[in-house]
$ cat query33.txt   # compact mmCIF, C-alpha atoms and all ligand atoms
# COMPACT_ATOMS: atom_id res chain seq x y z
CA MET A 1307 33.96 133.53 145.43
CA ALA A 1308 33.08 137.18 144.91
CA PHE A 1309 29.55 137.64 143.71
CA ALA A 1310 30.53 139.12 140.37
CA ALA A 1311 33.02 136.37 139.69
CA GLN A 1312 30.56 133.74 140.74
CA ARG A 1313 27.92 135.06 138.41
CA SER A 1314 30.31 135.33 135.52
CA ALA A 1315 31.68 131.85 135.95
CA GLN A 1316 28.20 130.47 136.16
CA ALA A 1317 27.22 132.29 133.03
CA LEU A 1318 30.16 130.78 131.21
CA VAL A 1319 29.34 127.21 131.91
CA SER A 1320 25.61 127.23 132.02
CA ASP A 1321 24.67 129.42 129.11
CA ALA A 1322 24.05 127.74 125.83
CA ALA A 1323 24.20 131.32 124.55
CA PRO A 1324 26.79 132.50 122.02
CA ARG A 1325 30.26 131.78 123.27
CA ALA A 1326 31.77 135.11 122.43
CA ALA A 1327 29.34 136.85 124.75
CA SER A 1328 30.01 134.38 127.53
CA ARG A 1329 33.75 134.68 127.24
CA SER A 1330 33.84 138.40 127.41
CA SER A 1331 31.90 138.35 130.66
CA VAL A 1332 34.65 136.55 132.51
CA CYS A 1333 37.91 136.65 130.69
CA PRO A 1334 38.56 139.81 128.77
CA ARG A 1335 41.37 139.05 126.37
CA ALA A 1336 43.47 141.97 127.47
CA LEU A 1337 43.56 140.73 131.01
CA LEU A 1338 44.85 137.32 130.24
CA SER A 1339 47.49 137.72 127.61
CA SER A 1340 45.74 135.31 125.27
CA GLY A 1341 45.66 132.33 127.55
CA ARG A 1342 49.38 132.41 128.14
CA CYS A 1343 50.29 130.14 131.04
CA LEU A 1344 52.17 131.35 134.04
CA GLN A 1345 55.39 129.45 134.42
CA LYS A 1346 54.77 128.90 138.10
CA ALA A 1347 52.31 126.07 137.43
CA VAL A 1348 52.43 123.88 140.47
CA PRO A 1349 53.23 120.19 140.16
CA ALA A 1350 50.39 117.79 140.82
CA PRO A 1351 49.94 116.99 144.50
CA SER A 1352 50.79 113.63 145.97
CA ALA A 1353 47.30 112.25 145.38
CA ALA A 1354 48.14 112.29 141.69
CA LYS A 1355 51.18 110.16 142.16
CA SER A 1356 49.27 107.05 143.04
CA VAL A 1357 47.96 106.89 139.51
CA GLN A 1358 50.98 108.03 137.56
CA PRO A 1359 52.29 106.10 134.56
CA LEU A 1360 54.05 102.86 135.17
CA SER A 1361 57.81 103.03 135.19
CA ASN A 1362 59.62 102.86 131.88
CA GLY A 1363 60.83 99.41 132.82
CA SER A 1364 57.29 98.11 133.11
CA ARG A 1365 56.32 99.56 129.76
CA ALA A 1366 59.34 98.25 128.00
CA VAL A 1367 58.45 94.63 128.60
CA ARG A 1368 54.93 94.99 127.26
CA THR A 1369 55.60 94.82 123.57
CA GLN A 1370 53.65 91.92 122.15
CA ALA A 1371 50.21 90.91 120.98
CA VAL A 1372 47.38 93.32 120.48
CA ALA A 1373 44.42 92.35 122.61
CA VAL A 1374 41.31 92.84 120.51
CA ASP A 1375 37.76 91.79 121.12
CA ALA A 1376 38.39 90.12 124.44
CA PRO A 1377 34.94 89.16 125.72
CA ALA A 1378 35.52 90.38 129.25
CA SER A 1379 38.20 91.49 131.64
CA SER A 1380 41.04 89.04 132.03
CA SER A 1381 40.56 89.42 135.76
CA ALA A 1382 36.90 88.42 135.69
CA LYS A 1383 35.67 85.40 133.77
CA PRO A 1384 31.98 85.68 132.92
CA LYS A 1385 29.93 83.43 135.17
CA SER A 1386 27.03 83.40 132.78
CA GLN A 1387 26.72 83.86 129.03
CA TYR A 1388 24.59 86.91 129.77
CA GLU A 1389 27.19 88.63 131.90
CA VAL A 1390 28.71 91.75 130.36
CA PHE A 1391 31.72 93.59 131.68
CA THR A 1392 30.85 97.25 131.29
CA LEU A 1393 32.74 100.47 131.81
CA THR A 1394 30.75 100.99 135.01
CA THR A 1395 31.84 97.60 136.33
CA TRP A 1396 35.43 98.28 135.32
CA LEU A 1397 35.41 101.63 137.12
CA LEU A 1398 33.97 100.03 140.26
CA LYS A 1399 36.66 97.36 140.21
CA GLU A 1400 39.41 99.96 139.76
CA GLU A 1401 37.93 101.85 142.68
CA GLN A 1402 37.95 98.66 144.76
CA LYS A 1403 41.60 98.14 143.83
CA GLY A 1404 42.37 101.70 144.86
CA THR A 1405 43.66 102.76 141.44
CA ILE A 1406 41.18 105.64 141.38
CA ASP A 1407 38.83 107.25 143.84
CA THR A 1408 35.08 107.74 143.64
CA GLU A 1409 35.44 111.34 142.57
CA LEU A 1410 37.54 110.53 139.53
CA CYS A 1411 35.13 107.69 138.66
CA THR A 1412 32.35 110.25 138.62
CA VAL A 1413 34.26 112.54 136.26
CA ILE A 1414 35.08 109.66 133.90
CA SER A 1415 31.44 108.53 133.94
CA SER A 1416 30.29 112.02 133.05
CA ILE A 1417 32.72 112.08 130.09
CA ALA A 1418 31.46 108.66 128.98
CA LEU A 1419 27.93 110.03 129.07
CA ALA A 1420 28.93 113.06 127.00
CA CYS A 1421 30.47 110.71 124.43
CA LYS A 1422 27.27 108.68 124.23
CA GLN A 1423 25.33 111.83 123.54
CA ILE A 1424 27.82 113.02 120.93
CA SER A 1425 27.83 109.59 119.29
CA SER A 1426 24.09 109.82 118.87
CA LEU A 1427 24.32 113.39 117.51
CA VAL A 1428 27.04 112.36 115.03
CA GLN A 1429 24.99 109.41 113.80
CA ARG A 1430 21.96 111.56 113.17
CA ALA A 1431 23.78 114.69 112.00
CA GLY A 1432 22.61 114.47 108.40
CA ILE A 1433 19.02 113.90 109.46
CA SER A 1434 18.77 116.54 112.15
CA ASN A 1435 20.40 119.41 110.25
CA LEU A 1436 23.62 119.28 112.25
CA THR A 1437 26.00 119.18 109.29
CA GLY A 1438 27.73 122.28 107.97
CA LEU A 1439 29.26 125.36 109.50
CA ALA A 1440 28.10 127.10 112.65
CA GLY A 1441 28.99 130.44 111.10
CA ALA A 1442 31.75 131.39 113.55
CA ALA A 1443 35.45 130.70 113.97
CA ASN A 1444 37.12 129.52 117.14
CA VAL A 1445 40.00 131.36 118.80
CA GLN A 1446 42.43 129.55 116.53
CA GLY A 1447 40.73 130.95 113.46
CA GLU A 1448 39.22 127.63 112.44
CA ASP A 1449 35.68 127.53 111.10
CA GLN A 1450 33.46 125.86 113.64
CA LYS A 1451 31.09 123.19 112.47
CA LYS A 1452 27.64 123.08 114.06
CA LEU A 1453 28.62 119.84 115.70
CA ASP A 1454 31.82 121.38 117.15
CA VAL A 1455 29.67 123.88 119.01
CA VAL A 1456 27.05 121.38 120.12
CA SER A 1457 29.62 118.80 121.24
CA ASN A 1458 31.43 121.43 123.27
CA GLU A 1459 28.21 122.26 125.02
CA VAL A 1460 27.47 118.59 125.67
CA PHE A 1461 30.92 118.04 127.22
CA ALA A 1462 30.66 121.15 129.36
CA ASN A 1463 27.16 120.23 130.55
CA CYS A 1464 28.12 116.70 131.53
CA LEU A 1465 31.26 117.83 133.35
CA ARG A 1466 29.36 120.56 135.12
CA SER A 1467 26.69 118.21 136.35
CA SER A 1468 29.29 115.75 137.65
CA GLY A 1469 29.91 118.27 140.43
CA ARG A 1470 33.55 117.18 140.53
CA THR A 1471 35.14 119.42 137.92
CA GLY A 1472 36.71 122.71 138.92
CA VAL A 1473 38.09 123.95 135.62
CA ILE A 1474 37.54 122.94 132.01
CA ALA A 1475 39.53 123.90 128.92
CA SER A 1476 38.34 123.11 125.43
CA GLU A 1477 39.59 123.49 121.88
CA GLU A 1478 36.44 125.45 121.22
CA GLU A 1479 36.85 127.99 124.05
CA GLU A 1480 39.36 130.80 124.09
CA LEU A 1481 40.14 130.44 127.78
CA PRO A 1482 39.62 127.87 130.52
CA ILE A 1483 36.38 128.10 132.43
CA ALA A 1484 35.81 127.90 136.17
CA VAL A 1485 32.94 125.55 136.87
CA GLU A 1486 30.66 127.06 139.43
CA GLU A 1487 28.71 123.90 140.23
CA THR A 1488 31.63 121.90 141.59
CA TYR A 1489 31.33 120.87 145.22
CA SER A 1490 34.06 118.27 145.46
CA GLY A 1491 37.04 116.90 143.60
CA ASN A 1492 37.81 120.01 141.58
CA TYR A 1493 39.39 118.07 138.75
CA ILE A 1494 40.74 119.89 135.74
CA VAL A 1495 39.49 118.52 132.44
CA VAL A 1496 40.93 119.44 129.05
CA PHE A 1497 39.18 118.26 125.91
CA ASP A 1498 38.64 118.47 122.21
CA PRO A 1499 34.94 117.67 122.01
CA LEU A 1500 34.89 116.77 118.31
CA ASP A 1501 38.24 116.21 116.68
CA GLY A 1502 38.46 115.80 112.92
CA SER A 1503 35.16 117.56 112.41
CA SER A 1504 36.07 118.54 108.85
CA ASN A 1505 35.14 114.91 108.11
CA ILE A 1506 31.66 115.15 109.58
CA ASP A 1507 29.68 116.09 106.52
CA ALA A 1508 31.07 113.08 104.64
CA GLY A 1509 30.14 110.67 107.41
CA ILE A 1510 33.79 109.79 108.10
CA SER A 1511 35.15 108.87 111.54
CA VAL A 1512 35.56 111.59 114.13
CA GLY A 1513 36.22 111.47 117.86
CA SER A 1514 36.50 113.21 121.22
CA ILE A 1515 39.76 113.48 123.19
CA TRP A 1516 40.18 114.36 126.88
CA GLY A 1517 42.66 114.53 129.71
CA ILE A 1518 42.06 114.86 133.46
CA TYR A 1519 44.45 116.54 135.87
CA SER A 1520 44.22 116.81 139.60
CA PRO A 1521 43.69 120.27 141.02
CA ASN A 1522 46.81 122.17 141.94
CA GLU A 1523 47.43 125.30 143.96
CA GLY A 1524 46.78 127.49 140.95
CA CYS A 1525 43.26 126.11 140.87
CA THR A 1526 42.19 127.11 144.35
CA ILE A 1527 39.66 129.79 143.62
CA GLU A 1528 38.88 131.86 146.68
CA GLU A 1529 35.66 133.62 147.44
CA MET A 1530 37.43 136.95 147.33
CA ASP A 1531 38.90 136.48 143.87
CA ASP A 1532 37.95 138.99 141.24
CA PRO A 1533 37.21 137.65 137.74
CA GLU A 1534 40.68 138.50 136.48
CA THR A 1535 42.44 136.65 139.29
CA MET A 1536 40.08 133.76 139.00
CA MET A 1537 40.67 133.37 135.28
CA GLN A 1538 44.43 133.66 135.63
CA LYS A 1539 44.27 130.85 138.17
CA CYS A 1540 42.24 128.79 135.72
CA VAL A 1541 44.81 129.33 132.99
CA THR A 1542 47.65 128.45 135.32
CA SER A 1543 45.92 125.35 136.61
CA VAL A 1544 45.37 123.76 133.21
CA CYS A 1545 48.94 124.31 132.09
CA GLN A 1546 50.37 121.09 133.46
CA PRO A 1547 52.70 118.72 131.65
CA GLY A 1548 51.21 115.52 130.24
CA ARG A 1549 53.17 113.39 132.68
CA SER A 1550 50.86 114.72 135.44
CA LEU A 1551 47.73 113.39 133.73
CA LEU A 1552 45.56 111.17 135.93
CA CYS A 1553 43.47 109.89 133.06
CA SER A 1554 43.23 110.40 129.34
CA GLY A 1555 41.15 108.90 126.62
CA TYR A 1556 39.33 109.22 123.37
CA CYS A 1557 36.03 108.11 121.97
CA LEU A 1558 35.89 107.11 118.31
CA TYR A 1559 32.61 107.66 116.46
CA SER A 1560 32.87 105.29 113.54
CA SER A 1561 31.31 101.99 112.45
CA SER A 1562 31.23 101.43 116.22
CA THR A 1563 31.56 103.88 119.06
CA ILE A 1564 34.70 102.89 120.96
CA LEU A 1565 35.88 104.57 124.15
CA VAL A 1566 39.54 103.99 125.00
CA LEU A 1567 41.09 105.21 128.23
CA THR A 1568 43.96 104.94 130.67
CA ILE A 1569 44.17 105.79 134.33
CA GLY A 1570 47.91 105.17 134.40
CA ASP A 1571 47.76 101.39 134.54
CA GLY A 1572 47.34 100.13 131.00
CA VAL A 1573 44.88 101.01 128.25
CA TYR A 1574 41.34 99.65 127.98
CA GLY A 1575 38.79 99.91 125.20
CA PHE A 1576 35.00 99.70 125.53
CA THR A 1577 32.57 99.40 122.65
CA LEU A 1578 29.17 101.02 123.00
CA ASP A 1579 26.50 98.36 122.65
CA PRO A 1580 23.64 100.29 121.08
CA LEU A 1581 21.11 97.71 122.20
CA ILE A 1582 21.75 98.12 125.90
CA GLY A 1583 23.28 101.59 125.77
CA GLU A 1584 26.37 100.52 127.72
CA TYR A 1585 30.08 100.51 126.99
CA VAL A 1586 31.26 96.89 127.05
CA LEU A 1587 34.90 95.95 127.57
CA THR A 1588 36.19 94.72 124.22
CA HIS A 1589 39.87 95.68 124.27
CA ASP A 1590 41.54 94.48 127.44
CA ARG A 1591 44.99 95.98 128.07
CA ILE A 1592 45.75 97.24 124.58
CA GLN A 1593 49.38 96.98 123.52
CA ILE A 1594 50.68 98.84 120.48
CA PRO A 1595 52.78 96.43 118.40
CA GLU A 1596 56.45 97.34 118.78
CA SER A 1597 56.72 98.03 115.05
CA GLY A 1598 54.23 98.47 112.23
CA LYS A 1599 54.71 99.36 108.58
CA ILE A 1600 51.90 101.89 108.26
CA TYR A 1601 52.36 105.65 108.29
CA ALA A 1602 49.69 108.32 108.63
CA PHE A 1603 50.97 111.76 107.58
CA ASN A 1604 49.39 114.46 105.40
CA GLU A 1605 51.92 114.10 102.61
CA GLY A 1606 50.41 117.03 100.75
CA ASN A 1607 52.54 119.18 103.04
CA MET A 1608 55.76 117.27 102.38
CA ASP A 1609 57.57 120.03 100.48
CA LEU A 1610 56.98 122.32 103.47
CA TRP A 1611 58.45 119.90 106.04
CA ASP A 1612 61.90 120.05 107.51
CA PRO A 1613 64.42 118.16 105.27
CA SER A 1614 64.97 115.59 108.04
CA VAL A 1615 61.28 114.60 107.97
CA GLN A 1616 61.34 114.54 104.16
CA GLU A 1617 64.31 112.18 104.25
CA TYR A 1618 62.51 109.98 106.76
CA MET A 1619 59.43 109.81 104.53
CA LYS A 1620 61.52 108.96 101.48
CA SER A 1621 63.16 106.14 103.39
CA LEU A 1622 59.76 104.61 104.28
CA LYS A 1623 58.81 104.57 100.61
CA ASN A 1624 62.04 103.05 99.34
CA PRO A 1625 61.42 99.32 98.81
CA ASP A 1626 65.16 98.61 98.95
CA ASN A 1627 65.15 99.58 102.63
CA TRP A 1628 62.39 97.14 103.52
CA GLY A 1629 63.02 93.88 101.69
CA GLY A 1630 61.09 95.01 98.63
CA LYS A 1631 57.92 96.07 100.45
CA PRO A 1632 57.73 99.71 101.46
CA TYR A 1633 55.47 101.10 104.17
CA SER A 1634 51.74 101.55 103.50
CA ALA A 1635 50.08 104.98 103.70
CA ARG A 1636 46.79 105.35 105.58
CA TYR A 1637 45.48 108.81 106.41
CA ILE A 1638 41.94 109.63 107.44
CA GLY A 1639 42.69 113.18 108.56
CA SER A 1640 40.99 112.43 111.84
CA LEU A 1641 43.47 111.98 114.67
CA VAL A 1642 41.24 109.72 116.75
CA GLY A 1643 40.62 107.35 113.83
CA ASP A 1644 44.24 107.35 112.66
CA PHE A 1645 45.52 106.91 116.20
CA HIS A 1646 43.06 104.12 117.05
CA ARG A 1647 44.22 102.16 114.00
CA THR A 1648 47.83 102.78 115.00
CA MET A 1649 47.14 101.50 118.52
CA LEU A 1650 45.73 98.25 117.15
CA TYR A 1651 47.82 97.60 114.03
CA GLY A 1652 51.03 99.45 114.87
CA GLY A 1653 52.81 102.10 112.80
CA ILE A 1654 53.17 105.84 113.21
CA TYR A 1655 50.97 108.93 113.01
CA GLY A 1656 52.74 112.21 112.33
CA TYR A 1657 51.86 115.86 112.10
CA PRO A 1658 55.20 117.67 111.66
CA GLY A 1659 55.88 121.36 111.84
CA ASP A 1660 56.34 123.00 108.45
CA LYS A 1661 57.56 126.23 106.89
CA LYS A 1662 54.21 127.92 107.45
CA ASN A 1663 53.37 126.40 110.84
CA LEU A 1664 56.58 125.70 112.70
CA ASN A 1665 54.80 123.73 115.41
CA GLY A 1666 52.39 121.90 113.15
CA LYS A 1667 48.68 121.90 113.75
CA LEU A 1668 47.85 119.76 116.77
CA ARG A 1669 47.37 121.19 120.24
CA LEU A 1670 49.51 120.02 123.14
CA LEU A 1671 47.01 120.16 125.98
CA TYR A 1672 43.98 118.40 124.63
CA GLU A 1673 45.31 116.43 121.66
CA CYS A 1674 49.01 115.57 121.86
CA ALA A 1675 49.46 115.04 125.62
CA PRO A 1676 46.35 112.85 126.20
CA MET A 1677 47.19 110.72 123.14
CA SER A 1678 50.84 110.41 124.21
CA PHE A 1679 49.78 109.24 127.68
CA LEU A 1680 47.69 106.52 126.01
CA ALA A 1681 50.52 105.62 123.63
CA GLU A 1682 53.05 105.23 126.44
CA GLN A 1683 50.63 103.26 128.56
CA ALA A 1684 50.18 100.87 125.62
CA GLY A 1685 53.95 100.42 125.20
CA GLY A 1686 54.34 103.02 122.44
CA ALA A 1687 55.75 106.54 122.34
CA GLY A 1688 54.80 110.14 121.65
CA SER A 1689 57.45 112.63 120.54
CA THR A 1690 57.80 116.02 118.90
CA GLY A 1691 60.77 114.62 117.00
CA SER A 1692 63.12 116.06 119.58
CA VAL A 1693 61.46 115.65 123.00
CA ARG A 1694 58.96 113.40 124.76
CA VAL A 1695 55.54 115.05 124.51
CA LEU A 1696 54.62 114.25 128.13
CA ASP A 1697 57.60 116.27 129.38
CA ILE A 1698 56.55 119.55 127.78
CA MET A 1699 55.32 122.24 130.17
CA PRO A 1700 52.60 124.13 128.28
CA GLU A 1701 53.12 127.85 127.86
CA LYS A 1702 49.71 128.54 126.38
CA VAL A 1703 46.35 126.83 126.52
CA HIS A 1704 46.13 126.36 122.75
CA GLN A 1705 49.84 125.75 122.18
CA ARG A 1706 50.68 123.60 119.16
CA VAL A 1707 53.49 121.06 118.94
CA PRO A 1708 54.66 118.66 116.23
CA LEU A 1709 53.50 115.13 116.98
CA PHE A 1710 54.92 111.72 116.06
CA ILE A 1711 53.13 108.95 117.88
CA GLY A 1712 52.67 105.20 117.74
CA SER A 1713 54.86 102.09 117.85
CA LYS A 1714 57.98 102.58 119.92
CA ASN A 1715 60.37 101.42 117.20
CA GLU A 1716 58.68 103.58 114.58
CA VAL A 1717 58.89 106.73 116.68
CA GLU A 1718 62.54 105.97 117.45
CA TYR A 1719 63.26 105.48 113.75
CA LEU A 1720 61.69 108.89 112.99
CA GLU A 1721 63.79 110.44 115.76
CA SER A 1722 66.94 108.95 114.26
CA PHE A 1723 66.38 111.44 111.41
CA THR A 1724 65.00 114.42 113.29
CA LYS A 1725 67.35 114.32 116.28
CA SER A 1726 70.48 114.07 114.17
CA SER A 1727 69.59 116.94 111.87
P1 LIG A 1801 40.62 119.77 114.47
O1 LIG A 1801 40.86 119.62 115.93
O2 LIG A 1801 40.34 121.18 114.08
O3 LIG A 1801 39.61 118.80 113.95
O4 LIG A 1801 42.03 119.45 113.77
C1 LIG A 1801 42.71 118.29 114.11
C2 LIG A 1801 42.68 117.35 112.95
C3 LIG A 1801 43.15 115.97 113.30
O5 LIG A 1801 42.11 115.15 113.69
C4 LIG A 1801 43.74 115.50 112.01
O6 LIG A 1801 44.69 114.51 112.18
C5 LIG A 1801 44.30 116.74 111.43
O7 LIG A 1801 43.58 117.82 111.98
C6 LIG A 1801 44.16 116.79 109.95
O8 LIG A 1801 44.72 117.97 109.47
P2 LIG A 1801 45.03 118.15 107.92
O9 LIG A 1801 43.70 118.29 107.26
O10 LIG A 1801 45.87 119.38 107.85
O11 LIG A 1801 45.75 116.93 107.45
MG MG A 1802 41.17 118.67 117.38

$ encode --input "query33.txt" --output "structure tokens" --more "lines below"
Ligand code: AHM
Ligand code: MG
Amino acid sequence: MAFAAQRSAQALVSDAAPRAASRSSVCPRALLSSGRCLQKAVPAPSAAKSVQPLSNGSRAVRTQAVAVDAPASSSAKPKSQYEVFTLTTWLLKEEQKGTIDTELCTVISSIALACKQISSLVQRAGISNLTGLAGAANVQGEDQKKLDVVSNEVFANCLRSSGRTGVIASEEEELPIAVEETYSGNYIVVFDPLDGSSNIDAGISVGSIWGIYSPNEGCTIEEMDDPETMMQKCVTSVCQPGRSLLCSGYCLYSSSTILVLTIGDGVYGFTLDPLIGEYVLTHDRIQIPESGKIYAFNEGNMDLWDPSVQEYMKSLKNPDNWGGKPYSARYIGSLVGDFHRTMLYGGIYGYPGDKKNLNGKLRLLYECAPMSFLAEQAGGAGSTGSVRVLDIMPEKVHQRVPLFIGSKNEVEYLESFTKSS
């Protein structure tokens, strides 16, 4: 890596200093056409294929029974009442099975550590003066909360020290960042460090979301690269479709801290035991119920939605359609919380496009694609109303898409309105 580029990249990931200053040192906006992705993004290499989603056939048969609060992995009965099945144990067993390699384990562990740290910050936010605005807006024009900024730094620090991450892209950063400290693995990690942060000051659930991609050709940063070339490679490398994800997950900071993840072979949930400081397996192979009569949409926007989505919503509320009992509304306004409930109880979460924002609000790379990978792995579905989310090739790092996600039958019912319009 050229000296100048090296220095700049290092500055980006290691400085806790103001982000605007860091960004300008490596990725001048003019050079990078606002994070627009090159269309020549290279498909994930064969290593990725070993941990790709199960075939549709496999998913289709897994439609029943939500597994909640299982004491330990179904594959390992506790030998002693004091035995706990932790995330670390689970990762080691997956490594033994060959589902993932040591490098990916290391990246996942570093994310789990970041989530522990954020969980603690969230819990103490009111006490340690971490509520309120940071005083800046992110590239998408949204006011950043103090905790948005801090959580972003925590994620970046943990990923950097894993030594296995080549590029990171965050909701809170204008452009992807090349991680100087990587010496192996070179994984690409996309994340929203603190989703739903408008809820923070009221002590309501928030969460982190992430996705991990394998490195592709676009990510090979050469010593000779100048900063512009290097950053363009970073942008290209993160713009992969969700179906290439190796791992995705979220961590919910609520009455408990619950980390839920998939590595392409089912979905597992771990609850942070505050007494031992470890994530303990509590949700073994989560399955979204096939149907569920709960919807989570911001209905305040209903008059701005497409008529097909309005018709759909009216049909959910009409008791005559549902044997006298219409659907129930539940909306936290925190995707991780609303999605976690949908995973366990069934139903649908939706953020449609509207007259003002044609593609809605949620971001493809670090919100919609990771959540859709989880949904599909749990037997559910993720759609824009017209296409499968995991099939979309991102054009921009912060690209938005409409999202309808949850129980398979519920998403199909929504599509019966939106696809025929
Ligand atoms: P954020 O990433 O800026 O926090 O925005 C995403 C959040 C989601 O968690 C939530 O579902 C949605 O925005 C709520 O938006 P709205 O307030 O428009 O209903
Ligand atoms: Mg978000």

$ residues_near_ligand --input "query33.txt" --ligand "ligand LIG 1801 (chain A)" --cutoff "7 Å" --atoms "all atoms listed in the file" --output "PDB file with C-alpha atoms, keeping the file's coordinate frame"
ATOM      1  CA  GLU A1448      39.220 127.630 112.440  1.00  0.00           C
ATOM      2  CA  ASP A1498      38.640 118.470 122.210  1.00  0.00           C
ATOM      3  CA  LEU A1500      34.890 116.770 118.310  1.00  0.00           C
ATOM      4  CA  ASP A1501      38.240 116.210 116.680  1.00  0.00           C
ATOM      5  CA  GLY A1502      38.460 115.800 112.920  1.00  0.00           C
ATOM      6  CA  SER A1503      35.160 117.560 112.410  1.00  0.00           C
ATOM      7  CA  SER A1504      36.070 118.540 108.850  1.00  0.00           C
ATOM      8  CA  ASN A1604      49.390 114.460 105.400  1.00  0.00           C
ATOM      9  CA  GLY A1639      42.690 113.180 108.560  1.00  0.00           C
ATOM     10  CA  SER A1640      40.990 112.430 111.840  1.00  0.00           C
ATOM     11  CA  LEU A1641      43.470 111.980 114.670  1.00  0.00           C
ATOM     12  CA  VAL A1642      41.240 109.720 116.750  1.00  0.00           C
ATOM     13  CA  LYS A1667      48.680 121.900 113.750  1.00  0.00           C
ATOM     14  CA  LEU A1668      47.850 119.760 116.770  1.00  0.00           C
TER      15      LEU A1668
END

$ closest_atom_pairs --input "query33.txt" --of "region 1430-1549 of chain A" --to "region 1563-1567 of chain A" --cutoff "12 Å" --atoms "all atoms listed in the file" --output "Markdown table"
| residue | atom | partner | partner_atom | distance |
| --- | --- | --- | --- | --- |
| A:Ser1511 | CA | A:Thr1563 | CA | 9.7 |
| A:Val1512 | CA | A:Thr1563 | CA | 10.0 |
| A:Gly1513 | CA | A:Thr1563 | CA | 9.0 |
| A:Ser1514 | CA | A:Leu1565 | CA | 9.1 |
| A:Ile1515 | CA | A:Val1566 | CA | 9.7 |
| A:Trp1516 | CA | A:Leu1567 | CA | 9.3 |
| A:Gly1517 | CA | A:Leu1567 | CA | 9.6 |
| A:Ile1518 | CA | A:Leu1567 | CA | 11.0 |

$ atom_distance --input "query33.txt" --atom1 "CA of Ala1687 (chain A)" --atom2 "atom MG of ligand MG 1802 (chain A)"
19.6 Å

$ closest_residue --input "query33.txt" --among "A:Phe1710, A:Phe1391, A:Tyr1618, A:Tyr1556" --to "Ser1692 (chain A)" --atoms "only C-alpha atoms"
A:Phe1710

$ atom_distance --input "query33.txt" --atom1 "CA of Arg1591 (chain A)" --atom2 "CA of Gln1387 (chain A)"
21.9 Å

$ closest_residue --input "query33.txt" --among "A:Gln1538, A:Asn1463, A:Gln1450, A:Thr1408" --to "ligand MG 1802 (chain A)" --atoms "only C-alpha atoms and all ligand atoms"
A:Gln1450

$ axis_aligned_box --input "query33.txt" --around "region 1600-1605 of chain A" --padding-each-side "3 Å" --output "AutoDock Vina command-line options"
--center_x 50.9 --center_y 108.2 --center_z 105.6 --size_x 9.0 --size_y 18.6 --size_z 12.0

$ residues_near_point --input "query33.txt" --point "(31.4, 104.5, 123.2)" --cutoff "8 Å" --atoms "only C-alpha atoms" --output "short mmCIF file (atom, residue, chain, number, x, y, z; two decimals) with C-alpha atoms, in the frame of the given file"
data_model
loop_
_atom_site.label_atom_id
_atom_site.label_comp_id
_atom_site.auth_asym_id
_atom_site.auth_seq_id
_atom_site.Cartn_x
_atom_site.Cartn_y
_atom_site.Cartn_z
CA ALA A 1418 31.46 108.66 128.98
CA CYS A 1421 30.47 110.71 124.43
CA LYS A 1422 27.27 108.68 124.23
CA SER A 1425 27.83 109.59 119.29
CA CYS A 1557 36.03 108.11 121.97
CA LEU A 1558 35.89 107.11 118.31
CA TYR A 1559 32.61 107.66 116.46
CA SER A 1562 31.23 101.43 116.22
CA THR A 1563 31.56 103.88 119.06
CA ILE A 1564 34.70 102.89 120.96
CA LEU A 1565 35.88 104.57 124.15
CA PHE A 1576 35.00 99.70 125.53
CA THR A 1577 32.57 99.40 122.65
CA LEU A 1578 29.17 101.02 123.00
CA ASP A 1579 26.50 98.36 122.65
CA GLU A 1584 26.37 100.52 127.72
CA TYR A 1585 30.08 100.51 126.99
#

$ closest_residue --input "query33.txt" --among "A:Gln1546, A:Asn1505, A:Ser1434, A:Ser1468" --to "ligand MG 1802 (chain A)" --atoms "only C-alpha atoms and all ligand atoms"
A:Asn1505

$ atom_distance --input "query33.txt" --atom1 "CA of Val1544 (chain A)" --atom2 "CA of Pro1700 (chain A)"
8.8 Å

$ closest_residue --input "query33.txt" --among "A:Asn1522, A:Ser1457, A:Gln1423, A:Thr1542" --to "Glu1701 (chain A)" --atoms "only C-alpha atoms"
A:Thr1542

$ residues_around --input "query33.txt" --residues "Asp1612 (chain A)" --least-positions-apart "6" --cutoff "9 Å" --atoms "only C-alpha atoms" --output "list in words"
Pro1658, Gly1659, Asp1660, Lys1661 and Thr1724 of chain A

$ residues_around --input "query33.txt" --residues "Ser1713 (chain A)" --least-positions-apart "6" --cutoff "6 Å" --atoms "only C-alpha atoms" --output "list of chain:residue names"
A:Ile1594, A:Glu1596, A:Ser1597, A:Gly1652, A:Gly1653, A:Gly1686

$ closest_residue --input "query33.txt" --among "A:Ser1560, A:Gln1446, A:Asn1665, A:Thr1690" --to "ligand MG 1802 (chain A)" --atoms "only C-alpha atoms and all ligand atoms"
A:Gln1446

$ closest_residue --input "query33.txt" --among "A:Ala1635, A:Ser1621, A:Cys1674, A:Gly1583" --to "ligand MG 1802 (chain A)" --atoms "all atoms listed in the file"
A:Cys1674

$ residues_around --input "query33.txt" --residues "Val1473 (chain A)" --least-positions-apart "3" --cutoff "6 Å" --atoms "all atoms listed in the file" --output "MDAnalysis selection string"
chainID A and resid 1483:1485 1494

$ residues_near_point --input "query33.txt" --point "(26.3, 131.9, 111.1)" --cutoff "12 Å" --atoms "all atoms listed in the file" --output "number ranges by chain"
A: 1324, 1438-1443, 1449-1452, 1455

$ write_last_selection --input "query33.txt" --atoms "C-alpha atoms" --output "short mmCIF file (atom, residue, chain, number, x, y, z; two decimals), in the frame of the given file"
data_model
loop_
_atom_site.label_atom_id
_atom_site.label_comp_id
_atom_site.auth_asym_id
_atom_site.auth_seq_id
_atom_site.Cartn_x
_atom_site.Cartn_y
_atom_site.Cartn_z
CA PRO A 1324 26.79 132.50 122.02
CA GLY A 1438 27.73 122.28 107.97
CA LEU A 1439 29.26 125.36 109.50
CA ALA A 1440 28.10 127.10 112.65
CA GLY A 1441 28.99 130.44 111.10
CA ALA A 1442 31.75 131.39 113.55
CA ALA A 1443 35.45 130.70 113.97
CA ASP A 1449 35.68 127.53 111.10
CA GLN A 1450 33.46 125.86 113.64
CA LYS A 1451 31.09 123.19 112.47
CA LYS A 1452 27.64 123.08 114.06
CA VAL A 1455 29.67 123.88 119.01
#
